[in-house]
Amino acid sequence: MSERSGKVLLGLVLLLVGGLVLLDLVGIDIGDLLGFIIPGVIMIYGAKKIMGQTGSRFWGILVFLFGFLMLIGKLDLLFHALLAIGVIYLGYRLLRPSQEPKQAPPAWEREWAQKVLKEDTLDNWERNVRRRPQ
């Protein structure tokens, strides 16, 4: 499946949605038809991703599941499950013991840092210039 097929599918979905909106404006009531068409198209796209040679099967399954939950009116179930998984993961990360305590840097590295951070004459001159009233 090429990248172009995704654009074609999205274009068809947009044309369909636009046409349905125009029909509704004219007075032709589509009713729940839109509630079946959009999830159906999403499910078809997910199924093509799953069965296709290219693309990730994981994302195809996720897109198909998204369309299916949208079709049966349980889309909030997906978001609640993702939130619950995120909270569980965060709790696990907080309770997990830390790897190993951080060690102090070696003596040569501390001496080098002290030399680098030591104040020099230019720092003293800048401090004196700031203090002097103008």
# chains A, B, ... in the order shown; residues from 1 in each chain; ligands from 1

call {"tool": "residues_around", "arguments": {"residues": "Pro39 in chain A", "least_positions_apart": "5", "cutoff": "8 Å", "atoms": "only C-alpha atoms", "output": "PDB file with N, CA and C atoms, in the first residue's frame"}}
result
ATOM      1  N   GLY A  67     -12.101   2.622  15.182  1.00  0.00           N
ATOM      2  CA  GLY A  67     -13.324   2.668  14.378  1.00  0.00           C
ATOM      3  C   GLY A  67     -14.426   1.795  14.943  1.00  0.00           C
ATOM      4  N   PHE A  68     -14.056   0.602  15.423  1.00  0.00           N
ATOM      5  CA  PHE A  68     -15.059  -0.306  15.985  1.00  0.00           C
ATOM      6  C   PHE A  68     -15.690   0.275  17.238  1.00  0.00           C
ATOM      7  N   MET A  70     -15.865   3.365  17.993  1.00  0.00           N
ATOM      8  CA  MET A  70     -16.663   4.513  17.562  1.00  0.00           C
ATOM      9  C   MET A  70     -18.019   4.032  17.031  1.00  0.00           C
ATOM     10  N   LEU A  71     -18.024   2.932  16.333  1.00  0.00           N
ATOM     11  CA  LEU A  71     -19.253   2.389  15.756  1.00  0.00           C
ATOM     12  C   LEU A  71     -20.236   1.937  16.836  1.00  0.00           C
TER      13      LEU A  71
END

call {"tool": "residues_around", "arguments": {"residues": "Leu10 in chain A", "least_positions_apart": "6", "cutoff": "12 Å", "atoms": "only C-alpha atoms", "output": "PyMOL selection string"}}
result
chain A and resi 3-4+16-17+38+41-42+45

call {"tool": "write_last_selection", "arguments": {"atoms": "N, CA and C atoms", "output": "PDB file, in the first residue's frame"}}
result
ATOM      1  N   GLU A   3       1.843   5.464  -0.028  1.00  0.00           N
ATOM      2  CA  GLU A   3       1.461   6.657   0.732  1.00  0.00           C
ATOM      3  C   GLU A   3       0.286   7.364   0.069  1.00  0.00           C
ATOM      4  N   ARG A   4       0.208   7.252  -1.227  1.00  0.00           N
ATOM      5  CA  ARG A   4      -0.862   7.913  -1.987  1.00  0.00           C
ATOM      6  C   ARG A   4      -2.235   7.350  -1.628  1.00  0.00           C
ATOM      7  N   LEU A  16     -17.088  12.721   1.145  1.00  0.00           N
ATOM      8  CA  LEU A  16     -18.298  12.112   1.676  1.00  0.00           C
ATOM      9  C   LEU A  16     -18.897  12.963   2.794  1.00  0.00           C
ATOM     10  N   VAL A  17     -18.053  13.418   3.714  1.00  0.00           N
ATOM     11  CA  VAL A  17     -18.541  14.244   4.813  1.00  0.00           C
ATOM     12  C   VAL A  17     -19.113  15.547   4.282  1.00  0.00           C
ATOM     13  N   ILE A  38     -18.584   6.874   8.832  1.00  0.00           N
ATOM     14  CA  ILE A  38     -17.239   7.285   9.265  1.00  0.00           C
ATOM     15  C   ILE A  38     -16.531   6.161  10.022  1.00  0.00           C
ATOM     16  N   VAL A  41     -15.501   3.493   7.473  1.00  0.00           N
ATOM     17  CA  VAL A  41     -14.333   3.862   6.656  1.00  0.00           C
ATOM     18  C   VAL A  41     -13.055   3.729   7.480  1.00  0.00           C
ATOM     19  N   ILE A  42     -13.108   4.139   8.732  1.00  0.00           N
ATOM     20  CA  ILE A  42     -11.931   4.010   9.598  1.00  0.00           C
ATOM     21  C   ILE A  42     -11.571   2.543   9.801  1.00  0.00           C
ATOM     22  N   TYR A  45      -9.951   1.194   6.643  1.00  0.00           N
ATOM     23  CA  TYR A  45      -8.560   1.661   6.547  1.00  0.00           C
ATOM     24  C   TYR A  45      -7.656   0.847   7.486  1.00  0.00           C
TER      25      TYR A  45
END

call {"tool": "closest_residue", "arguments": {"among": "A:Leu90, A:Val8, A:Val63, A:Ile30", "to": "Ile44 in chain A", "atoms": "only C-alpha atoms"}}
result
A:Val63

call {"tool": "select_by_dssp", "arguments": {"residues": "chain A", "states": "helix (DSSP H, G or I)", "output": "number ranges by chain"}}
result
A: 3-26, 33-51, 57-72, 75-95, 107-117, 121-131

call {"tool": "atom_distance", "arguments": {"atom1": "CA of Leu82 in chain A", "atom2": "CA of Phe66 in chain A"}}
result
12.2 Å
